[in-house]
Amino acid sequence: MLVFSITGTVATGSMTAYAIDRVDFRMKKLMVTLFLAATQCPVSPAGSPPSR
């Protein structure tokens with residue numbers, strides 16, 4: 001499960017970064033800032049059941 005999660009995250013992040021870098025559009029700088037800010041925030045495991 002962890003491997004699929006990491007693979008999906010890396011693939012999605014790579015495709016997003018490629019698109020943001022290659023395509024010129026308005027508010028590109030804001031989009032890059034929001035994308036980088038989101039990668040700095042850790043995901044809370046509140047939705048997952050506790051492990052023992």
# chains A, B, ... in the order shown; residues from 1 in each chain; ligands from 1

$ residues_around --residues "stretch 32-38 of chain A" --least-positions-apart "4" --cutoff "10 Å" --atoms "only C-alpha atoms" --output "ChimeraX atom specification"
/A:13,16-17,20-21,27-28,42-43

$ write_last_selection --atoms "C-alpha atoms" --output "PDB file, in the first residue's frame"
ATOM      1  CA  GLY A  13       3.838  15.765  -8.453  1.00  0.00           C
ATOM      2  CA  THR A  16       2.146  18.844 -12.186  1.00  0.00           C
ATOM      3  CA  ALA A  17       5.654  20.297 -11.967  1.00  0.00           C
ATOM      4  CA  ILE A  20       3.603  24.302 -14.501  1.00  0.00           C
ATOM      5  CA  ASP A  21       7.130  24.698 -15.871  1.00  0.00           C
ATOM      6  CA  MET A  27      -0.767  33.625 -12.002  1.00  0.00           C
ATOM      7  CA  LYS A  28       1.968  31.053 -12.653  1.00  0.00           C
ATOM      8  CA  PRO A  42       2.798  17.176   6.493  1.00  0.00           C
ATOM      9  CA  VAL A  43      -0.332  15.105   6.000  1.00  0.00           C
TER      10      VAL A  43
END

$ select_by_dssp --residues "stretch 1-51 of chain A" --states "alpha helix (DSSP H)" --output "PyMOL selection string"
chain A and resi 2-22+28-40

$ atom_distance --atom1 "atom CA of A:Gln40" --atom2 "atom CA of A:Phe4"
20.8 Å

$ atom_distance --atom1 "atom CA of A:Cys41" --atom2 "atom CA of A:Thr12"
16.5 Å
